[in-house]
>>> print(open('my_file.txt').read())   # compact mmCIF, C-alpha atoms
# COMPACT_ATOMS: atom_id res chain seq x y z
CA MET A 844 28.49 -27.45 -10.98
CA THR A 845 26.04 -29.31 -8.78
CA SER A 846 22.44 -28.24 -8.48
CA VAL A 847 22.80 -26.99 -4.88
CA PRO A 848 25.66 -24.52 -5.62
CA ARG A 849 23.85 -23.43 -8.77
CA ARG A 850 20.70 -22.65 -6.81
CA ALA A 851 22.77 -20.78 -4.23
CA LEU A 852 24.42 -18.70 -6.96
CA LEU A 853 21.08 -17.89 -8.56
CA SER A 854 19.73 -16.89 -5.16
CA LEU A 855 22.66 -14.53 -4.58
CA ARG A 856 22.21 -12.97 -8.01
CA ALA A 857 18.53 -12.37 -7.29
CA GLU A 858 19.49 -10.41 -4.16
CA TRP A 859 21.69 -7.84 -5.91
CA PRO A 860 19.52 -4.97 -4.57
CA LEU A 861 20.62 -5.97 -1.08
CA CYS A 862 24.21 -4.83 -1.75
CA PHE A 863 23.07 -1.56 -3.32
CA ASN A 864 20.65 -0.78 -0.50
CA ALA A 865 23.11 -1.75 2.22
CA ALA A 866 25.81 0.47 0.69
CA THR A 867 23.33 3.37 0.54
CA ALA A 868 22.30 2.85 4.15
CA ILE A 869 25.96 2.85 5.24
CA ALA A 870 26.59 6.04 3.23
CA PHE A 871 23.70 7.85 4.94
CA LEU A 872 24.71 6.59 8.37
CA ALA A 873 28.26 7.87 7.75
CA GLY A 874 27.45 11.12 5.94
CA GLY A 875 24.11 11.84 7.56
CA GLN A 876 21.61 14.26 6.08
CA HIS A 877 24.48 16.30 4.56
CA LEU A 878 24.28 14.12 1.46
CA LEU A 879 20.94 15.77 0.67
CA ASP A 880 21.63 19.26 1.99
CA ASP A 881 22.11 21.10 -1.31
CA LEU A 882 19.54 20.21 -3.96
CA ALA A 883 19.41 23.59 -5.70
CA HIS A 884 21.55 22.41 -8.62
CA PRO A 885 19.29 20.60 -11.13
CA ALA A 886 21.75 17.78 -11.81
CA ARG A 887 22.37 17.16 -8.11
CA PHE A 888 18.64 17.22 -7.40
CA ALA A 889 17.85 14.80 -10.24
CA PHE A 890 20.56 12.42 -9.09
CA ALA A 891 19.50 12.55 -5.43
CA LEU A 892 15.80 12.08 -6.24
CA THR A 893 16.47 9.17 -8.59
CA TRP A 894 18.89 7.55 -6.19
CA VAL A 895 16.66 7.72 -3.10
CA VAL A 896 13.49 6.70 -4.94
CA LEU A 897 15.21 3.74 -6.57
CA VAL A 898 16.63 2.55 -3.27
CA VAL A 899 13.23 2.72 -1.57
CA LEU A 900 11.58 0.98 -4.52
CA PHE A 901 14.25 -1.72 -4.60
CA SER A 902 13.66 -2.42 -0.91
CA ALA A 903 9.88 -2.36 -1.28
CA PHE A 904 9.89 -4.67 -4.30
CA ALA A 905 12.28 -7.04 -2.55
CA VAL A 906 10.07 -7.17 0.55
CA VAL A 907 7.02 -7.89 -1.57
CA ARG A 908 8.89 -10.44 -3.71
CA HIS A 909 9.81 -12.50 -0.69
CA ALA A 910 6.41 -11.96 0.91
CA GLU A 911 4.83 -13.32 -2.27
CA GLN A 912 7.04 -16.40 -2.11
CA LEU A 913 5.79 -16.93 1.43
CA ALA A 914 2.25 -16.41 0.13
CA ILE A 915 2.73 -19.16 -2.46
CA ARG A 916 3.98 -21.58 0.15
CA LEU A 917 1.36 -20.79 2.78
CA GLY A 918 -1.63 -20.51 0.44
CA GLU A 919 -4.64 -18.21 0.50
CA PRO A 920 -5.73 -16.21 2.39
CA LEU A 921 -2.78 -16.34 4.82
CA GLY A 922 -0.27 -15.73 2.05
CA THR A 923 -1.93 -12.55 0.85
CA LEU A 924 -2.27 -11.39 4.46
CA ILE A 925 1.51 -11.60 4.85
CA LEU A 926 1.94 -9.54 1.68
CA THR A 927 -0.57 -6.95 2.92
CA LEU A 928 1.06 -6.64 6.34
CA ALA A 929 4.50 -6.27 4.75
CA VAL A 930 3.29 -3.40 2.56
CA THR A 931 1.47 -1.82 5.52
CA GLY A 932 4.71 -1.89 7.50
CA ILE A 933 6.49 -0.10 4.65
CA GLU A 934 3.66 2.42 4.50
CA VAL A 935 3.83 3.20 8.22
CA MET A 936 7.61 3.56 8.17
CA ILE A 937 7.67 6.00 5.26
CA ILE A 938 4.80 8.14 6.60
CA VAL A 939 6.22 8.32 10.13
CA ALA A 940 9.72 9.00 8.83
CA THR A 941 8.46 11.78 6.57
CA MET A 942 6.40 13.35 9.35
CA SER A 943 9.44 13.21 11.65
CA THR A 944 11.38 15.61 9.44
CA GLY A 945 11.20 19.31 10.04
CA ASN A 946 9.11 19.79 6.92
CA GLY A 947 6.56 17.08 7.70
CA THR A 948 3.04 18.51 7.69
CA ALA A 949 0.16 17.61 9.98
CA THR A 950 -1.96 16.61 6.97
CA LEU A 951 0.59 14.22 5.43
CA ALA A 952 -0.95 11.12 7.02
CA ARG A 953 -4.44 12.14 5.90
CA ASP A 954 -3.30 12.92 2.37
CA ALA A 955 -1.40 9.63 2.13
CA MET A 956 -4.32 7.59 3.50
CA PHE A 957 -6.79 9.25 1.16
CA ALA A 958 -4.41 8.83 -1.77
CA ILE A 959 -3.97 5.13 -1.02
CA ILE A 960 -7.73 4.60 -0.90
CA MET A 961 -8.23 6.48 -4.17
CA ILE A 962 -5.34 4.71 -5.90
CA VAL A 963 -6.40 1.26 -4.69
CA LEU A 964 -10.20 1.42 -4.93
CA ASN A 965 -10.30 3.48 -8.13
CA GLY A 966 -6.98 3.39 -9.97
CA LEU A 967 -5.84 -0.17 -9.33
CA VAL A 968 -9.26 -1.81 -9.08
CA GLY A 969 -10.26 -0.03 -12.29
CA LEU A 970 -7.09 -1.02 -14.15
CA THR A 971 -7.28 -4.61 -12.86
CA LEU A 972 -10.88 -5.03 -13.99
CA LEU A 973 -10.14 -3.34 -17.30
CA ILE A 974 -7.14 -5.42 -18.33
CA GLY A 975 -8.71 -8.60 -16.96
CA GLY A 976 -11.91 -7.91 -18.88
CA LEU A 977 -10.04 -7.12 -22.08
CA ARG A 978 -8.24 -10.47 -21.97
CA TYR A 979 -10.88 -12.77 -20.47
CA HIS A 980 -14.12 -10.81 -21.14
CA GLU A 981 -15.47 -11.69 -17.68
CA GLN A 982 -13.74 -12.79 -14.49
CA ASP A 983 -15.02 -14.45 -11.34
CA TYR A 984 -14.23 -13.86 -7.67
CA ASN A 985 -15.75 -14.82 -4.31
CA LEU A 986 -18.52 -12.33 -3.61
CA GLN A 987 -18.63 -13.14 0.12
CA GLY A 988 -14.99 -12.21 0.54
CA ALA A 989 -15.29 -8.87 -1.27
CA SER A 990 -18.45 -8.04 0.68
CA THR A 991 -16.66 -8.81 3.95
CA PHE A 992 -13.80 -6.49 3.02
CA LEU A 993 -16.16 -3.65 2.11
CA ALA A 994 -18.33 -4.15 5.20
CA VAL A 995 -15.27 -3.29 7.32
CA ILE A 996 -13.69 -0.70 5.01
CA LEU A 997 -16.79 1.49 4.75
CA PRO A 998 -17.35 2.33 8.46
CA LEU A 999 -13.64 2.56 9.25
CA ALA A 1000 -13.03 4.97 6.36
CA VAL A 1001 -15.92 7.24 7.27
CA ILE A 1002 -15.07 7.33 10.98
CA ALA A 1003 -11.34 7.91 10.40
CA LEU A 1004 -11.43 10.41 7.52
CA VAL A 1005 -14.84 12.10 7.71
CA LEU A 1006 -15.87 12.20 11.36
CA PRO A 1007 -12.88 14.33 12.54
CA SER A 1008 -14.15 17.18 10.35
CA PHE A 1009 -17.31 17.38 12.48
CA THR A 1010 -16.06 16.69 16.01
CA THR A 1011 -15.49 19.67 18.30
CA SER A 1012 -13.27 18.21 21.04
CA ALA A 1013 -10.09 19.17 19.18
CA PRO A 1014 -9.11 22.08 16.91
CA ASP A 1015 -8.70 21.77 13.16
CA GLN A 1016 -9.88 18.43 11.78
CA ALA A 1017 -8.25 16.12 14.28
CA PHE A 1018 -9.25 13.70 17.00
CA SER A 1019 -8.74 14.69 20.62
CA PRO A 1020 -6.18 12.54 22.49
CA ILE A 1021 -8.95 10.46 24.11
CA GLN A 1022 -10.74 10.04 20.78
CA ALA A 1023 -7.49 9.10 19.04
CA LEU A 1024 -6.63 6.51 21.68
CA VAL A 1025 -10.09 4.93 21.69
CA TRP A 1026 -10.27 4.94 17.90
CA ALA A 1027 -6.84 3.33 17.54
CA VAL A 1028 -7.73 0.53 19.97
CA VAL A 1029 -11.18 -0.08 18.47
CA SER A 1030 -9.84 -0.03 14.91
CA VAL A 1031 -7.10 -2.56 15.66
CA ALA A 1032 -9.60 -4.74 17.54
CA LEU A 1033 -11.98 -4.75 14.59
CA TYR A 1034 -9.14 -5.61 12.25
CA ALA A 1035 -8.23 -8.51 14.55
CA VAL A 1036 -11.82 -9.77 14.31
CA PHE A 1037 -11.58 -9.53 10.54
CA LEU A 1038 -8.37 -11.56 10.57
CA ALA A 1039 -10.10 -14.26 12.59
CA ILE A 1040 -12.85 -14.37 9.99
CA GLN A 1041 -10.39 -14.36 7.09
CA ASN A 1042 -7.95 -16.96 8.37
CA VAL A 1043 -9.93 -19.16 10.77
CA ARG A 1044 -13.71 -19.18 10.68
CA HIS A 1045 -14.50 -18.33 7.05
CA ARG A 1046 -11.36 -18.94 5.00
CA ALA A 1047 -13.47 -20.06 2.06
CA TYR A 1048 -14.81 -16.52 1.63
CA PHE A 1049 -11.37 -15.41 0.45
CA GLN A 1050 -10.57 -18.34 -1.80
CA SER A 1051 -11.38 -18.49 -5.48
CA THR A 1052 -14.65 -20.05 -6.58
CA VAL A 1053 -13.12 -20.75 -10.01
CA PRO A 1054 -11.96 -24.35 -10.59
CA ASP A 1055 -8.21 -24.77 -10.14
CA ASP A 1056 -7.73 -25.74 -13.78
CA ALA A 1057 -9.19 -22.38 -14.84
CA ILE A 1058 -6.42 -20.51 -13.04
CA ASP A 1059 -2.89 -20.52 -14.36
CA ALA A 1060 -1.34 -21.58 -11.07
CA GLY A 1061 2.07 -21.95 -12.68
CA VAL A 1062 2.53 -18.21 -13.04
CA LEU A 1063 4.45 -17.14 -9.96
CA PRO A 1064 4.86 -13.49 -9.04
CA ASN A 1065 8.48 -13.43 -10.05
CA GLY A 1066 7.92 -15.52 -13.16
CA ARG A 1067 9.64 -18.67 -11.86
CA SER A 1068 9.16 -21.28 -9.20
CA GLY A 1069 11.20 -20.87 -6.05
CA SER A 1070 13.19 -23.57 -4.29
CA SER A 1071 14.04 -21.77 -1.06
CA GLY A 1072 12.14 -22.43 2.13
CA ILE A 1073 9.96 -20.32 4.36
CA ALA A 1074 12.84 -19.47 6.73
CA HIS A 1075 14.98 -18.15 3.85
CA HIS A 1076 12.31 -15.74 2.62
CA THR A 1077 11.34 -14.68 6.16
CA VAL A 1078 14.92 -13.69 7.00
CA LEU A 1079 15.30 -11.70 3.78
CA VAL A 1080 11.97 -9.91 4.36
CA LEU A 1081 13.24 -8.81 7.78
CA ILE A 1082 16.62 -7.69 6.38
CA TYR A 1083 15.05 -5.59 3.63
CA MET A 1084 12.56 -4.10 6.13
CA VAL A 1085 15.42 -3.02 8.40
CA LEU A 1086 17.17 -1.36 5.47
CA LEU A 1087 13.93 0.34 4.54
CA VAL A 1088 13.60 1.71 8.07
CA LEU A 1089 17.09 3.21 7.77
CA LEU A 1090 16.40 4.72 4.35
CA SER A 1091 12.77 5.80 4.56
CA LYS A 1092 13.52 9.10 6.27
CA GLN A 1093 15.69 10.22 3.37
CA ILE A 1094 12.78 10.14 0.89
CA ALA A 1095 11.15 13.11 2.63
CA VAL A 1096 13.88 15.55 1.58
CA PRO A 1097 13.62 15.27 -2.24
CA ILE A 1098 9.81 14.97 -2.09
CA ASP A 1099 9.50 18.17 -0.05
CA PHE A 1100 12.00 19.96 -2.31
CA THR A 1101 10.08 18.86 -5.41
CA ILE A 1102 6.80 20.26 -4.08
CA ARG A 1103 8.41 23.57 -3.10
CA VAL A 1104 10.12 24.02 -6.46
CA LEU A 1105 7.04 23.13 -8.50
CA GLY A 1106 4.68 25.04 -6.26
CA ALA A 1107 2.54 21.91 -6.16
CA PRO A 1108 -0.26 21.33 -3.63
CA VAL A 1109 0.74 19.84 -0.28
CA ALA A 1110 -1.47 16.81 -0.98
CA LEU A 1111 0.98 15.76 -3.70
CA ALA A 1112 3.41 14.62 -1.00
CA GLY A 1113 0.87 12.12 0.30
CA PHE A 1114 0.16 10.97 -3.24
CA LEU A 1115 3.86 10.39 -3.99
CA VAL A 1116 4.28 8.44 -0.77
CA ALA A 1117 1.24 6.33 -1.69
CA VAL A 1118 2.62 5.62 -5.17
CA LEU A 1119 5.95 4.48 -3.73
CA VAL A 1120 4.26 2.24 -1.19
CA LEU A 1121 1.75 0.68 -3.58
CA SER A 1122 4.00 0.12 -6.60
CA PRO A 1123 5.06 -3.48 -5.82
CA GLU A 1124 1.62 -4.49 -4.55
CA ALA A 1125 -0.02 -2.99 -7.62
CA LEU A 1126 2.23 -5.07 -9.86
CA SER A 1127 1.23 -8.23 -7.98
CA ALA A 1128 -2.49 -7.52 -8.32
CA LEU A 1129 -2.30 -6.64 -12.01
CA ARG A 1130 -0.15 -9.66 -12.77
CA ALA A 1131 -2.54 -12.04 -11.00
CA ALA A 1132 -5.56 -10.73 -12.91
CA PHE A 1133 -3.96 -10.51 -16.36
CA PHE A 1134 -1.51 -13.40 -16.54
CA ALA A 1135 -3.03 -15.94 -14.14
CA ASN A 1136 -6.75 -15.07 -14.54
CA ASP A 1137 -6.89 -15.08 -10.72
CA LEU A 1138 -9.09 -12.09 -9.91
CA GLN A 1139 -9.66 -13.44 -6.41
CA ARG A 1140 -6.01 -12.88 -5.53
CA SER A 1141 -6.19 -9.37 -6.96
CA VAL A 1142 -9.29 -8.63 -4.88
CA ASN A 1143 -7.59 -9.99 -1.75
CA ILE A 1144 -4.51 -7.86 -2.38
CA LEU A 1145 -6.28 -4.61 -3.27
CA LEU A 1146 -9.16 -4.62 -0.80
CA GLY A 1147 -6.84 -6.03 1.85
CA SER A 1148 -4.45 -3.14 1.24
CA ALA A 1149 -7.23 -0.55 1.59
CA LEU A 1150 -8.46 -2.19 4.78
CA ALA A 1151 -4.99 -2.45 6.31
CA THR A 1152 -4.37 1.22 5.51
CA ILE A 1153 -7.43 2.27 7.50
CA GLY A 1154 -7.39 -0.42 10.14
CA LEU A 1155 -3.66 -0.47 10.94
CA THR A 1156 -1.82 2.49 9.40
CA ILE A 1157 -4.13 5.17 10.79
CA PRO A 1158 -3.95 3.76 14.36
CA ALA A 1159 -0.15 3.57 14.03
CA VAL A 1160 0.03 7.20 12.90
CA LEU A 1161 -2.33 8.28 15.70
CA ALA A 1162 -0.14 6.45 18.21
CA PHE A 1163 2.89 8.24 16.78
CA GLY A 1164 1.08 11.56 17.21
CA LEU A 1165 0.18 10.79 20.84
CA LEU A 1166 3.72 9.69 21.71
CA THR A 1167 5.39 12.69 20.07
CA ASN A 1168 2.68 15.23 20.90
CA ARG A 1169 2.07 15.99 17.23
CA ASN A 1170 -1.20 17.20 15.78
CA ILE A 1171 -2.48 14.62 13.25
CA ILE A 1172 -5.15 16.08 10.98
CA LEU A 1173 -7.32 13.32 9.50
CA GLY A 1174 -10.58 15.06 8.55
CA LEU A 1175 -11.06 15.51 4.80
CA GLU A 1176 -12.20 18.63 3.02
CA PRO A 1177 -15.77 18.60 1.63
CA VAL A 1178 -14.61 17.88 -1.94
CA ASP A 1179 -12.56 14.92 -0.80
CA MET A 1180 -15.42 13.66 1.37
CA THR A 1181 -17.60 13.61 -1.73
CA MET A 1182 -15.00 11.63 -3.66
CA LEU A 1183 -14.60 9.18 -0.78
CA ALA A 1184 -18.35 8.65 -0.50
CA LEU A 1185 -18.68 8.16 -4.26
CA THR A 1186 -15.76 5.73 -4.29
CA LEU A 1187 -17.16 3.62 -1.45
CA LEU A 1188 -20.60 3.58 -3.05
CA GLN A 1189 -19.23 2.59 -6.46
CA SER A 1190 -17.03 -0.10 -4.90
CA THR A 1191 -20.08 -1.58 -3.18
CA MET A 1192 -21.94 -1.65 -6.50
CA THR A 1193 -18.96 -3.07 -8.41
CA PHE A 1194 -18.55 -5.96 -6.00
CA SER A 1195 -22.24 -6.80 -5.82
CA SER A 1196 -22.00 -9.46 -8.53
CA THR A 1197 -19.67 -12.43 -8.87
CA ARG A 1198 -18.58 -11.48 -12.41
CA THR A 1199 -16.80 -8.35 -13.60
CA ASN A 1200 -16.21 -6.73 -17.00
CA ILE A 1201 -14.41 -3.78 -18.57
CA LEU A 1202 -17.29 -1.33 -17.95
CA LEU A 1203 -16.82 -1.54 -14.19
CA GLY A 1204 -13.11 -0.95 -14.61
CA ALA A 1205 -13.73 2.08 -16.81
CA VAL A 1206 -16.04 3.64 -14.19
CA HIS A 1207 -13.40 3.33 -11.46
CA LEU A 1208 -10.73 4.81 -13.73
CA LEU A 1209 -13.07 7.75 -14.38
CA LEU A 1210 -13.31 8.39 -10.64
CA PHE A 1211 -9.53 8.15 -10.36
CA SER A 1212 -9.03 10.73 -13.11
CA VAL A 1213 -11.41 13.11 -11.29
CA TYR A 1214 -9.40 12.62 -8.09
CA LEU A 1215 -6.18 13.54 -9.92
CA LEU A 1216 -7.81 16.63 -11.43
CA LEU A 1217 -9.14 17.82 -8.08
CA MET A 1218 -5.73 17.43 -6.48
CA PHE A 1219 -4.38 20.25 -8.65
CA GLN A 1220 -7.49 22.32 -9.36
CA ARG A 1221 -10.59 22.68 -7.22
>>> encode(input="my_file.txt", output="structure tokens")
Amino acid sequence: MTSVPRRALLSLRAEWPLCFNAATAIAFLAGGQHLLDDLAHPARFAFALTWVVLVVLFSAFAVVRHAEQLAIRLGEPLGTLILTLAVTGIEVMIIVATMSTGNGTATLARDAMFAIIMIVLNGLVGLTLLIGGLRYHEQDYNLQGASTFLAVILPLAVIALVLPSFTTSAPDQAFSPIQALVWAVVSVALYAVFLAIQNVRHRAYFQSTVPDDAIDAGVLPNGRSGSSGIAHHTVLVLIYMVLLVLLSKQIAVPIDFTIRVLGAPVALAGFLVAVLVLSPEALSALRAAFFANDLQRSVNILLGSALATIGLTIPAVLAFGLLTNRNIILGLEPVDMTMLALTLLQSTMTFSSTRTNILLGAVHLLLFSVYLLLMFQR
């Protein structure tokens, strides 16, 4: 067998989730929501939950896998930006699809956004610094890049998730239509300015300061070098994203049923959505820090994800609320405001030096454990 057919066969084998996801999408298009109508039987519920979650995860991991291949070919920081935007697209689709169901709550977007920030800035940053510190003792990153991320994250997070609790133009803890429109436009504009800084004017801020020979550049995200071109991976990213659009609405049914059966807090729905969305990106960040000793890539992925969540996902959700005349509650409760403020402050202190160690990771994991505790008991 020649090398070209062999590569083609290996490429087809790597895309086995495509067949599974396409078959599932066809089944839901043919059978509709009736496939998830009756979840009272434990076995049926377990099967439906496992099936839908696996399909969404398969699609998300496939999108990120191909986005990472594009990242390798395009280099930093443009490559990581593509990965971040792909995950943000998945995030928006799942949140909007879940809110579109009859059981979608007005606080789902807020809970998901807050969960993503807590998971990224505390859970994943903490775990990344911890495992990186355990293996390499200390790791380096570009301080200017991290500071630039945080300089944009901090005001956007406070305005989007804290300010609505104190405004009086709209009931509950939401923006008025005018406030929502202005905030969405301003937020996207600021993110566009950040992209210009990241990819044009100050690219060096987001590139590693460690010599190339100190980074294991041979460790690719999927564990092997790819031979396919940019067009190949771009097409597959789009195909998997389309399948994810078709399937994302189905995830709301088992999640809502799980919360009702367990009597769990409503915020758990946002947390579960955040976990699904962040799973592939988390794996990429942890792998870069532990196997490749490339903390800069982990910082770009994690802080970029937090920034995209606030700068792009929240405006997209607000736009969805304006178009569908839905009330989008974004303002946090006082306890959550305290955790957000503490997280932002600790993140600023963590990324105030060019070298990290396990102590900083342990502190962030402590904050993450407090967040999990407060979700269930206040």
>>> closest_residue(input="my_file.txt", among="A:Trp859, A:Phe957, A:Phe890, A:Tyr1083", to="Ala1000 in chain A", atoms="all atoms listed in the file")
A:Phe957
>>> closest_residue(input="my_file.txt", among="A:Ala889, A:Val1142, A:Val1160, A:Ile1172", to="Gln987 in chain A", atoms="only C-alpha atoms")
A:Val1142
>>> atom_distance(input="my_file.txt", atom1="CA of Leu1208 in chain A", atom2="CA of Leu970 in chain A")
6.9 Å
>>> closest_residue(input="my_file.txt", among="A:Leu892, A:Ala1149, A:Ala865, A:Leu1138", to="Thr1101 in chain A", atoms="only C-alpha atoms")
A:Leu892
>>> residues_near_point(input="my_file.txt", point="(-1.8, 7.3, 1.3)", cutoff="9 Å", atoms="all atoms listed in the file", output="JSON, numbers by chain")
{"A": [934, 938, 951, 952, 953, 954, 955, 956, 957, 958, 959, 960, 961, 962, 1113, 1114, 1115, 1116, 1117, 1118, 1120, 1121, 1152]}
>>> residues_near_point(input="my_file.txt", point="(-13.1, 20.0, -6.3)", cutoff="10 Å", atoms="all atoms listed in the file", output="tab-separated table (two decimals) with C-alpha atoms, keeping the file's coordinate frame")
chain	number	residue	atom	x	y	z
A	1176	GLU	CA	-12.20	18.63	3.02
A	1177	PRO	CA	-15.77	18.60	1.63
A	1178	VAL	CA	-14.61	17.88	-1.94
A	1179	ASP	CA	-12.56	14.92	-0.80
A	1181	THR	CA	-17.60	13.61	-1.73
A	1182	MET	CA	-15.00	11.63	-3.66
A	1213	VAL	CA	-11.41	13.11	-11.29
A	1214	TYR	CA	-9.40	12.62	-8.09
A	1216	LEU	CA	-7.81	16.63	-11.43
A	1217	LEU	CA	-9.14	17.82	-8.08
A	1218	MET	CA	-5.73	17.43	-6.48
A	1219	PHE	CA	-4.38	20.25	-8.65
A	1220	GLN	CA	-7.49	22.32	-9.36
A	1221	ARG	CA	-10.59	22.68	-7.22
>>> atom_distance(input="my_file.txt", atom1="CA of Gln1189 in chain A", atom2="CA of Phe1133 in chain A")
22.4 Å
>>> decode(input="my_file.txt", residues="range 900-914 of chain A", atoms="N, CA and C atoms", output="short mmCIF file (atom, residue, chain, number, x, y, z; two decimals), in the first residue's frame")
data_model
loop_
_atom_site.label_atom_id
_atom_site.label_comp_id
_atom_site.auth_asym_id
_atom_site.auth_seq_id
_atom_site.Cartn_x
_atom_site.Cartn_y
_atom_site.Cartn_z
N LEU A 900 -19.55 15.50 23.55
CA LEU A 900 -18.12 15.50 23.83
C LEU A 900 -17.31 15.08 22.61
N PHE A 901 -17.79 14.06 21.89
CA PHE A 901 -17.09 13.63 20.68
C PHE A 901 -16.97 14.79 19.69
N SER A 902 -18.07 15.51 19.50
CA SER A 902 -18.04 16.64 18.58
C SER A 902 -17.10 17.74 19.08
N ALA A 903 -17.19 18.04 20.37
CA ALA A 903 -16.35 19.10 20.93
C ALA A 903 -14.87 18.75 20.84
N PHE A 904 -14.53 17.50 21.19
CA PHE A 904 -13.13 17.08 21.11
C PHE A 904 -12.64 17.09 19.67
N ALA A 905 -13.51 16.69 18.73
CA ALA A 905 -13.11 16.68 17.33
C ALA A 905 -12.87 18.10 16.82
N VAL A 906 -13.75 19.04 17.20
CA VAL A 906 -13.55 20.43 16.81
C VAL A 906 -12.22 20.94 17.34
N VAL A 907 -11.96 20.68 18.60
CA VAL A 907 -10.72 21.17 19.21
C VAL A 907 -9.51 20.46 18.62
N ARG A 908 -9.65 19.18 18.31
CA ARG A 908 -8.51 18.44 17.73
C ARG A 908 -8.08 19.06 16.40
N HIS A 909 -9.05 19.37 15.56
CA HIS A 909 -8.71 19.96 14.27
C HIS A 909 -8.30 21.43 14.43
N ALA A 910 -8.90 22.11 15.40
CA ALA A 910 -8.48 23.49 15.65
C ALA A 910 -7.03 23.53 16.14
N GLU A 911 -6.64 22.53 16.92
CA GLU A 911 -5.26 22.46 17.40
C GLU A 911 -4.29 22.18 16.26
N GLN A 912 -4.71 21.36 15.31
CA GLN A 912 -3.86 21.12 14.15
C GLN A 912 -3.68 22.41 13.35
N LEU A 913 -4.73 23.19 13.25
CA LEU A 913 -4.60 24.50 12.60
C LEU A 913 -3.68 25.40 13.42
N ALA A 914 -3.78 25.30 14.75
CA ALA A 914 -2.93 26.11 15.61
C ALA A 914 -1.45 25.78 15.40
#
